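Raw contents of input-v3.cif, mmCIF, C-alpha atoms:
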```cif
data_structure
loop_
_atom_site.label_atom_id
_atom_site.label_comp_id
_atom_site.auth_asym_id
_atom_site.auth_seq_id
_atom_site.Cartn_x
_atom_site.Cartn_y
_atom_site.Cartn_z
CA MET A 1 -225.08 -104.12 -60.36
CA ILE A 2 -221.67 -104.71 -58.83
CA GLU A 3 -221.86 -108.47 -59.28
CA ASP A 4 -222.94 -107.99 -62.91
CA PHE A 5 -219.88 -105.83 -63.48
CA LEU A 6 -217.55 -108.38 -61.90
CA LYS A 7 -219.05 -111.16 -64.03
CA TYR A 8 -218.50 -108.95 -67.08
CA LEU A 9 -214.82 -108.49 -66.20
CA LEU A 10 -214.39 -112.22 -65.74
CA ALA A 11 -216.36 -113.49 -68.73
CA GLU A 12 -215.98 -110.80 -71.39
CA LYS A 13 -212.86 -108.84 -70.46
CA ARG A 14 -211.10 -112.07 -69.42
CA TYR A 15 -209.56 -110.51 -66.32
CA SER A 16 -207.95 -112.92 -63.88
CA LYS A 17 -209.91 -114.00 -60.80
CA LEU A 18 -207.38 -112.20 -58.64
CA THR A 19 -207.88 -108.91 -60.50
CA VAL A 20 -211.68 -109.24 -60.42
CA ARG A 21 -211.57 -109.86 -56.68
CA ALA A 22 -209.43 -106.73 -56.19
CA TYR A 23 -211.86 -104.66 -58.28
CA GLY A 24 -214.76 -105.96 -56.22
CA ASP A 25 -213.06 -105.13 -52.93
CA ASP A 26 -212.34 -101.57 -54.09
CA ILE A 27 -215.88 -100.94 -55.33
CA TYR A 28 -217.50 -102.36 -52.20
CA GLN A 29 -215.17 -100.20 -50.12
CA PHE A 30 -216.29 -97.11 -52.03
CA VAL A 31 -219.96 -98.00 -51.57
CA SER A 32 -219.36 -98.48 -47.84
CA TYR A 33 -217.61 -95.10 -47.64
CA LEU A 34 -220.75 -93.48 -49.03
CA GLY A 35 -222.73 -95.07 -46.20
CA ALA A 36 -224.64 -97.37 -48.53
CA THR A 37 -224.90 -101.11 -49.09
CA PRO A 38 -224.82 -102.98 -52.42
CA ASP A 39 -228.64 -103.10 -52.26
CA THR A 40 -229.19 -99.42 -51.43
CA PHE A 41 -226.37 -97.96 -53.53
CA ASP A 42 -227.62 -95.53 -56.21
CA PRO A 43 -224.82 -94.65 -58.67
CA ALA A 44 -226.88 -91.72 -60.05
CA LEU A 45 -226.35 -89.91 -56.74
CA VAL A 46 -222.53 -90.09 -56.90
CA THR A 47 -220.92 -86.69 -57.52
CA SER A 48 -217.40 -85.50 -58.26
CA ASP A 49 -217.28 -84.08 -54.74
CA ASP A 50 -218.01 -87.56 -53.34
CA LEU A 51 -215.14 -88.96 -55.34
CA ARG A 52 -212.73 -86.24 -54.26
CA ALA A 53 -213.67 -86.72 -50.59
CA TRP A 54 -213.18 -90.48 -50.92
CA ILE A 55 -209.76 -90.04 -52.53
CA MET A 56 -208.76 -87.58 -49.81
CA SER A 57 -209.79 -90.09 -47.14
CA LEU A 58 -207.68 -92.79 -48.77
CA SER A 59 -204.57 -90.62 -48.79
CA GLY A 60 -205.30 -89.06 -45.42
CA ASP A 61 -207.01 -91.43 -43.01
CA GLU A 62 -205.82 -94.69 -44.55
CA LYS A 63 -202.44 -93.30 -45.66
CA LEU A 64 -202.32 -95.38 -48.82
CA LYS A 65 -199.66 -94.92 -51.45
CA ALA A 66 -200.58 -93.14 -54.67
CA THR A 67 -200.27 -96.38 -56.66
CA SER A 68 -202.79 -98.15 -54.41
CA ILE A 69 -205.19 -95.20 -54.56
CA ASN A 70 -204.95 -95.07 -58.35
CA ARG A 71 -205.84 -98.75 -58.53
CA LYS A 72 -208.98 -98.09 -56.49
CA ILE A 73 -209.84 -95.07 -58.65
CA SER A 74 -209.42 -97.22 -61.75
CA ALA A 75 -211.76 -99.88 -60.35
CA VAL A 76 -214.57 -97.46 -59.51
CA LYS A 77 -214.05 -95.54 -62.76
CA SER A 78 -214.36 -98.76 -64.77
CA PHE A 79 -217.53 -99.61 -62.86
CA CYS A 80 -219.05 -96.22 -63.68
CA HIS A 81 -218.10 -96.63 -67.34
CA PHE A 82 -219.83 -100.02 -67.35
CA LEU A 83 -222.98 -98.47 -65.86
CA ARG A 84 -222.95 -95.73 -68.50
CA GLN A 85 -222.71 -98.34 -71.25
CA LYS A 86 -225.70 -100.12 -69.76
CA GLY A 87 -227.69 -96.88 -69.57
CA VAL A 88 -227.89 -97.03 -65.78
CA LEU A 89 -225.74 -93.92 -65.38
CA LYS A 90 -226.14 -90.83 -67.57
CA ASN A 91 -223.48 -88.47 -66.24
CA ASP A 92 -219.80 -89.19 -65.72
CA PRO A 93 -218.74 -88.26 -62.15
CA PHE A 94 -215.10 -88.93 -63.11
CA GLN A 95 -215.04 -86.24 -65.79
CA LYS A 96 -213.01 -83.86 -63.61
CA ILE A 97 -211.20 -86.50 -61.56
CA SER A 98 -207.55 -87.31 -62.32
CA SER A 99 -205.32 -90.06 -61.02
CA LEU A 100 -202.64 -89.11 -58.50
CA LYS A 101 -199.11 -88.52 -59.71
CA THR A 102 -196.75 -91.35 -58.85
CA PRO A 103 -192.94 -91.40 -58.85
CA ARG A 104 -191.55 -93.56 -61.64
CA ARG A 105 -189.62 -96.41 -60.07
CA LEU A 106 -187.16 -98.53 -61.97
CA PRO A 107 -187.82 -102.29 -61.96
CA THR A 108 -185.69 -104.19 -59.47
CA PHE A 109 -183.41 -106.77 -61.06
CA ILE A 110 -180.48 -109.02 -60.19
CA GLU A 111 -177.03 -108.28 -61.59
CA GLU A 112 -175.82 -110.68 -64.29
CA SER A 113 -172.81 -111.81 -62.25
CA ARG A 114 -175.06 -112.73 -59.31
CA MET A 115 -177.53 -114.47 -61.59
CA LYS A 116 -174.75 -116.56 -63.12
CA GLN A 117 -173.81 -117.75 -59.63
CA ILE A 118 -177.42 -118.66 -58.89
CA ILE A 119 -177.79 -120.63 -62.13
CA LYS A 120 -174.50 -122.41 -61.47
CA SER A 121 -175.72 -123.43 -58.01
CA ILE A 122 -178.74 -125.23 -59.48
CA SER A 123 -177.07 -126.68 -62.57
CA LEU A 124 -176.20 -130.14 -61.25
CA PRO A 125 -179.13 -132.60 -61.33
CA THR A 126 -180.20 -134.40 -58.14
CA ASP A 127 -182.67 -137.17 -57.32
CA ASN A 128 -184.52 -134.95 -54.82
CA PHE A 129 -187.91 -133.99 -56.26
CA LEU A 130 -188.37 -130.80 -54.21
CA ILE A 131 -184.85 -129.51 -54.92
CA GLU A 132 -185.28 -130.11 -58.65
CA ARG A 133 -188.73 -128.55 -58.68
CA ASP A 134 -187.61 -125.40 -56.89
CA ALA A 135 -184.55 -125.08 -59.15
CA LEU A 136 -186.74 -125.42 -62.25
CA ILE A 137 -189.12 -122.73 -60.93
CA ILE A 138 -186.22 -120.28 -60.57
CA LEU A 139 -184.83 -121.24 -63.96
CA LEU A 140 -188.13 -120.92 -65.83
CA PHE A 141 -188.86 -117.50 -64.35
CA TYR A 142 -185.42 -116.23 -65.34
CA SER A 143 -185.10 -117.91 -68.75
CA THR A 144 -188.63 -117.17 -70.02
CA GLY A 145 -189.77 -114.05 -68.12
CA ILE A 146 -193.26 -115.48 -67.54
CA ARG A 147 -195.63 -114.21 -64.88
CA LEU A 148 -196.39 -116.06 -61.64
CA ALA A 149 -200.00 -116.75 -62.72
CA GLU A 150 -198.73 -118.12 -66.04
CA LEU A 151 -196.18 -120.42 -64.45
CA ILE A 152 -198.73 -122.01 -62.14
CA GLU A 153 -200.95 -122.97 -65.08
CA ILE A 154 -198.23 -124.61 -67.21
CA LYS A 155 -199.06 -128.16 -68.25
CA THR A 156 -196.63 -130.67 -69.71
CA ASP A 157 -198.42 -130.63 -73.07
CA ASP A 158 -197.86 -126.86 -73.35
CA PHE A 159 -194.31 -127.70 -74.46
CA SER A 160 -193.12 -128.84 -77.86
CA ASN A 161 -191.79 -132.42 -78.20
CA GLU A 162 -188.26 -131.59 -77.06
CA PHE A 163 -189.33 -128.89 -74.58
CA ARG A 164 -187.72 -126.14 -76.68
CA LEU A 165 -190.94 -124.12 -77.09
CA LEU A 166 -193.53 -123.18 -74.47
CA LYS A 167 -197.08 -122.05 -75.15
CA VAL A 168 -198.27 -119.59 -72.51
CA LYS A 169 -201.73 -118.17 -71.96
CA GLY A 170 -201.33 -114.65 -70.57
CA LYS A 171 -203.60 -111.77 -69.64
CA GLY A 172 -206.88 -111.69 -71.52
CA ASP A 173 -206.27 -115.34 -72.53
CA LYS A 174 -203.77 -114.17 -75.14
CA GLU A 175 -201.45 -116.96 -76.17
CA ARG A 176 -197.77 -116.52 -77.00
CA ILE A 177 -194.90 -118.87 -77.77
CA ILE A 178 -191.67 -118.56 -75.78
CA PRO A 179 -188.43 -120.32 -76.76
CA VAL A 180 -186.82 -122.50 -74.08
CA ILE A 181 -183.03 -122.75 -73.88
CA GLU A 182 -181.38 -126.20 -73.98
CA PHE A 183 -180.27 -126.10 -70.34
CA THR A 184 -183.82 -125.40 -69.15
CA ALA A 185 -185.24 -128.07 -71.46
CA GLN A 186 -182.88 -130.65 -69.95
CA LYS A 187 -183.90 -129.57 -66.44
CA ILE A 188 -187.54 -130.13 -67.36
CA LYS A 189 -186.77 -133.64 -68.63
CA ASN A 190 -184.89 -134.52 -65.43
CA TYR A 191 -187.72 -133.15 -63.30
CA LEU A 192 -190.43 -135.05 -65.18
CA ALA A 193 -188.37 -138.23 -64.91
CA LEU A 194 -188.35 -137.82 -61.11
CA ILE A 195 -192.14 -137.36 -61.07
CA LYS A 196 -192.50 -140.62 -62.99
CA THR A 197 -189.98 -142.76 -61.12
CA GLN A 198 -191.01 -141.50 -57.69
CA LYS A 199 -194.71 -141.66 -58.60
CA ILE A 200 -195.32 -138.10 -57.41
CA CYS A 201 -198.42 -137.57 -59.53
CA GLU A 202 -201.17 -140.12 -60.02
CA THR A 203 -203.61 -137.79 -61.79
CA ASP A 204 -203.98 -137.01 -65.49
CA LYS A 205 -204.20 -133.19 -65.23
CA ASN A 206 -200.55 -132.84 -66.30
CA PHE A 207 -199.70 -129.65 -64.40
CA LEU A 208 -195.94 -129.12 -64.48
CA PHE A 209 -195.40 -127.87 -60.95
CA LEU A 210 -196.71 -130.05 -58.16
CA THR A 211 -196.55 -130.39 -54.40
CA HIS A 212 -194.89 -133.46 -52.88
CA LYS A 213 -198.39 -134.95 -52.69
CA GLY A 214 -198.85 -134.67 -56.44
CA THR A 215 -201.36 -131.80 -56.39
CA LYS A 216 -201.11 -128.54 -58.31
CA ILE A 217 -198.86 -126.07 -56.53
CA GLY A 218 -200.36 -122.82 -55.23
CA ARG A 219 -199.48 -119.18 -55.80
CA SER A 220 -198.30 -118.50 -52.25
CA GLU A 221 -196.07 -121.58 -52.29
CA ILE A 222 -194.35 -120.45 -55.50
CA TYR A 223 -193.84 -116.99 -54.02
CA ARG A 224 -192.33 -118.50 -50.85
CA ILE A 225 -189.98 -120.76 -52.85
CA VAL A 226 -188.62 -117.84 -54.88
CA ARG A 227 -188.30 -115.54 -51.87
CA ASP A 228 -186.48 -118.13 -49.74
CA PHE A 229 -184.20 -119.18 -52.60
CA LEU A 230 -183.13 -115.64 -53.51
CA LYS A 231 -182.69 -114.61 -49.87
CA GLY A 232 -180.66 -117.78 -49.30
CA SER A 233 -178.51 -116.82 -52.29
CA GLY A 234 -177.67 -113.49 -50.67
CA ILE A 235 -179.98 -111.29 -52.77
CA GLN A 236 -180.86 -108.13 -50.87
CA GLY A 237 -184.11 -106.16 -51.20
CA LYS A 238 -187.08 -107.50 -53.14
CA SER A 239 -187.07 -111.25 -53.72
CA SER A 240 -190.13 -112.17 -55.75
CA PRO A 241 -191.05 -113.91 -59.01
CA HIS A 242 -191.53 -110.49 -60.59
CA VAL A 243 -187.91 -109.59 -59.81
CA LEU A 244 -186.84 -112.58 -61.93
CA ARG A 245 -189.16 -111.41 -64.71
CA HIS A 246 -187.56 -107.95 -64.52
CA THR A 247 -184.13 -109.58 -64.53
CA PHE A 248 -184.98 -111.57 -67.67
CA ALA A 249 -186.07 -108.43 -69.55
CA THR A 250 -183.19 -106.25 -68.33
CA HIS A 251 -180.51 -108.80 -69.21
CA LEU A 252 -181.97 -109.28 -72.70
CA LEU A 253 -182.02 -105.53 -73.30
CA ASN A 254 -178.48 -105.08 -72.01
CA SER A 255 -177.36 -107.83 -74.40
CA GLY A 256 -178.80 -105.99 -77.39
CA ALA A 257 -182.19 -107.64 -77.82
CA ASP A 258 -184.79 -105.59 -79.72
CA ILE A 259 -187.30 -104.02 -77.36
CA ARG A 260 -190.25 -105.21 -79.48
CA VAL A 261 -189.00 -108.79 -79.20
CA ILE A 262 -188.84 -108.36 -75.42
CA GLN A 263 -192.38 -106.95 -75.50
CA GLU A 264 -193.57 -110.07 -77.32
CA LEU A 265 -191.77 -112.43 -74.94
CA LEU A 266 -193.17 -110.67 -71.86
CA GLY A 267 -196.70 -110.60 -73.28
CA HIS A 268 -197.05 -106.82 -72.90
CA SER A 269 -200.01 -105.40 -74.83
CA SER A 270 -198.25 -102.06 -75.34
CA LEU A 271 -194.64 -101.04 -75.91
CA GLU A 272 -194.91 -98.44 -73.15
CA ALA A 273 -194.95 -101.15 -70.48
CA THR A 274 -191.71 -102.60 -71.87
CA GLN A 275 -189.88 -99.29 -72.30
CA VAL A 276 -189.35 -98.96 -68.56
CA TYR A 277 -186.47 -101.44 -68.95
CA THR A 278 -184.58 -98.98 -71.15
CA HIS A 279 -184.16 -96.81 -68.07
CA ASN A 280 -182.40 -99.67 -66.28
CA SER A 281 -180.12 -100.02 -69.28
CA ILE A 282 -179.30 -96.28 -69.24
CA GLU A 283 -178.60 -96.40 -65.49
CA GLN A 284 -176.20 -99.30 -66.04
CA LEU A 285 -174.49 -97.31 -68.81
CA LYS A 286 -174.05 -94.35 -66.46
CA ASN A 287 -172.51 -96.56 -63.77
CA VAL A 288 -170.08 -98.15 -66.24
CA TYR A 289 -169.06 -94.68 -67.46
CA LYS A 290 -168.67 -93.37 -63.93
CA ASN A 291 -166.45 -96.27 -62.89
CA ALA A 292 -164.40 -96.48 -66.11
CA HIS A 293 -163.86 -92.98 -67.48
CA PRO A 294 -160.75 -91.24 -66.00
CA ARG A 295 -162.42 -87.83 -65.69
CA ALA A 296 -165.55 -89.36 -64.14
CA LYS A 297 -163.45 -91.29 -61.61
CA ASN A 298 -161.51 -88.19 -60.66
CA LYS A 299 -164.74 -86.45 -59.82
#
```
Using structure tokens, write down the structure that the file contains.
Amino acid sequence: MIEDFLKYLLAEKRYSKLTVRAYGDDIYQFVSYLGATPDTFDPALVTSDDLRAWIMSLSGDEKLKATSINRKISAVKSFCHFLRQKGVLKNDPFQKISSLKTPRRLPTFIEESRMKQIIKSISLPTDNFLIERDALIILLFYSTGIRLAELIEIKTDDFSNEFRLLKVKGKGDKERIIPVIEFTAQKIKNYLALIKTQKICETDKNFLFLTHKGTKIGRSEIYRIVRDFLKGSGIQGKSSPHVLRHTFATHLLNSGADIRVIQELLGHSSLEATQVYTHNSIEQLKNVYKNAHPRAKNK
């Protein structure tokens, strides 16, 4: 039953492999908590009390954060919904179960002045393949706002002829077109020229980002590149690809971009996911007021 559900998420819901794996881990953990195995597990025996006890154990014994617990609740809840659709489960054990309340945290982003310094530091072209690749990774994250999983899958033929448009396949295999600024387009051309002249890639798969051996770069390697680059640039706190995505959205909003345009560029399915950036904008407004207004400064 569990494997059927995971195949359904992958094939019909078009969830990413990473998400499906996380769902599977959460469901198997729940089954194990009940003292069952995938072969002996009977969903018809699951009660609301079982669910409450499991949630209590997650917050108590395992001391997980509310966000992590809610993800596990969502996984098991989706599994039960799937079983009800298939007629395997008649009652809904989640009927009286609610997700835990979580504090709303503002997305972490890099200040515009700091980001300008970072972009300036990578502006001059070099003949070093790895330096140019890492610079382009930073630049694409910041100038397009794409996700880590999307960046890894970019191929050279996903761009228009002059590299001014990029076709991205996001969550649920939904495609969107993102404009590419001239500076980034030129960086891409320089980078591809290095791949050709230095014969980095001998395959015909056309992935944009490669290792020095010419193979497709991995998720952990991209994460490490971004983390090391931002830390090396003096950025404190979180240093991840998602921070650059947040920075992209926040800077656009602060510059007056329409929130629905930002939603489209980010590939958000709902406006609610994008509206969190308005809070960053309001916080910036408060800080400007506090530092500039005479009465505010006196206080």
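Pairwise distance (CA of Pro93 in chain A, CA of Ser48 in chain A) equals 5.0 Å.
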Restricting to only C-alpha atoms, whichever of A:Lys213, A:Arg14, A:Arg21, A:Arg52 is closest to Ile2 in chain A is A:Arg21
List, as a PyMOL selection string, every residue that the PyMOL selection byres ((chain A and resi 9) around 12) selects in the file provided. chain A and resi 2-8+10-24+75+78-79+82+172
Please enclose the listed atoms of range 123-141 of chain A in an axis-aligned box, pad each side by 4 Å, and write out the centre and the three edge lengths in Å, rounded to one decimal, as JSON.
```
{"center_x": -182.7, "center_y": -127.3, "center_z": -60.0, "size_x": 20.9, "size_y": 27.7, "size_z": 19.6}
```
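Here CA of Ser240 in chain A and CA of Leu271 in chain A stand 23.5 Å from one another.
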*Go through the shown structure with the PyMOL selection byres ((chain A and resi 239) around 7) and write out the matching residues as an MDAnalysis selection string.*
chainID A and resid 226:227 230:231 237:238 240 243
### Task
Step by step, work through what the PyMOL selection byres ((chain A and resi 170) around 9) selects in the shown file, and finish by giving those residues as a PyMOL selection string.
chain A and resi 146-147+149-150+168-169+171-176+267
CA of Thr156 in chain A sits from CA of His251 in chain A at a separation of 27.2 Å
Applying 9 Å and all atoms listed in the file, which residues near Ala44 in chain A remain after dropping the ones on its own chain fewer than 2 positions away? List them as number ranges by chain. A: 42, 46-47, 88-91
Looking at A:Gln186, A:Ser99, A:Ser59, A:Thr108, which one is nearest to Ser123 in chain A, with distances taken over all atoms listed in the file?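 That would be A:Gln186, the residue with the smallest distance to Ser123 in chain A.
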Counting all atoms listed in the file, the option among A:Phe183, A:Tyr142, A:Phe94, A:Phe109 closest to Leu124 in chain A |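 The shortest atom-to-atom distance to Leu124 in chain A comes from A:Phe183.
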Between A:Asp228, A:Asp134, A:Glu112, A:Glu162, which one has atoms that come closest to Asn254 in chain A, using all atoms listed in the file?
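Among A:Asp228, A:Asp134, A:Glu112, A:Glu162, it is A:Glu112 that comes nearest to Asn254 in chain A.
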Q: Fewer than 4 positions away in the same chain doesn't count, so skip those; otherwise give me all residues within 12 Å of Pro125 in chain A, counting only C-alpha atoms, as a VMD selection string.
A: chain A and resid 120 to 121 129 to 136 183 to 184 186 to 191 193 to 194
In terms of the shortest atom-to-atom distance over all atoms listed in the file, which of A:Ser233, A:Gln85, A:Ser98, A:Gln275 is closest to Asn70 in chain A?
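The shortest atom-to-atom distance to Asn70 in chain A comes from A:Ser98.
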Using all atoms listed in the file, the best pick from A:Thr274, A:Ser68, A:Asn128, A:Gln29 as closest to Thr197 in chain A would be A:Asn128
Open item on the list: When you look at Leu210 in chain A with a cut-off of 12 Å (counting only C-alpha atoms), what residues show up, excluding the ones that are within fewer than 5 positions of it in the same chain? I need them as a PyMOL selection string.
Closed with: chain A and resi 129-130+132-134+136-137+151-156+191-192+194-195+199-203+205+215-219+221-222
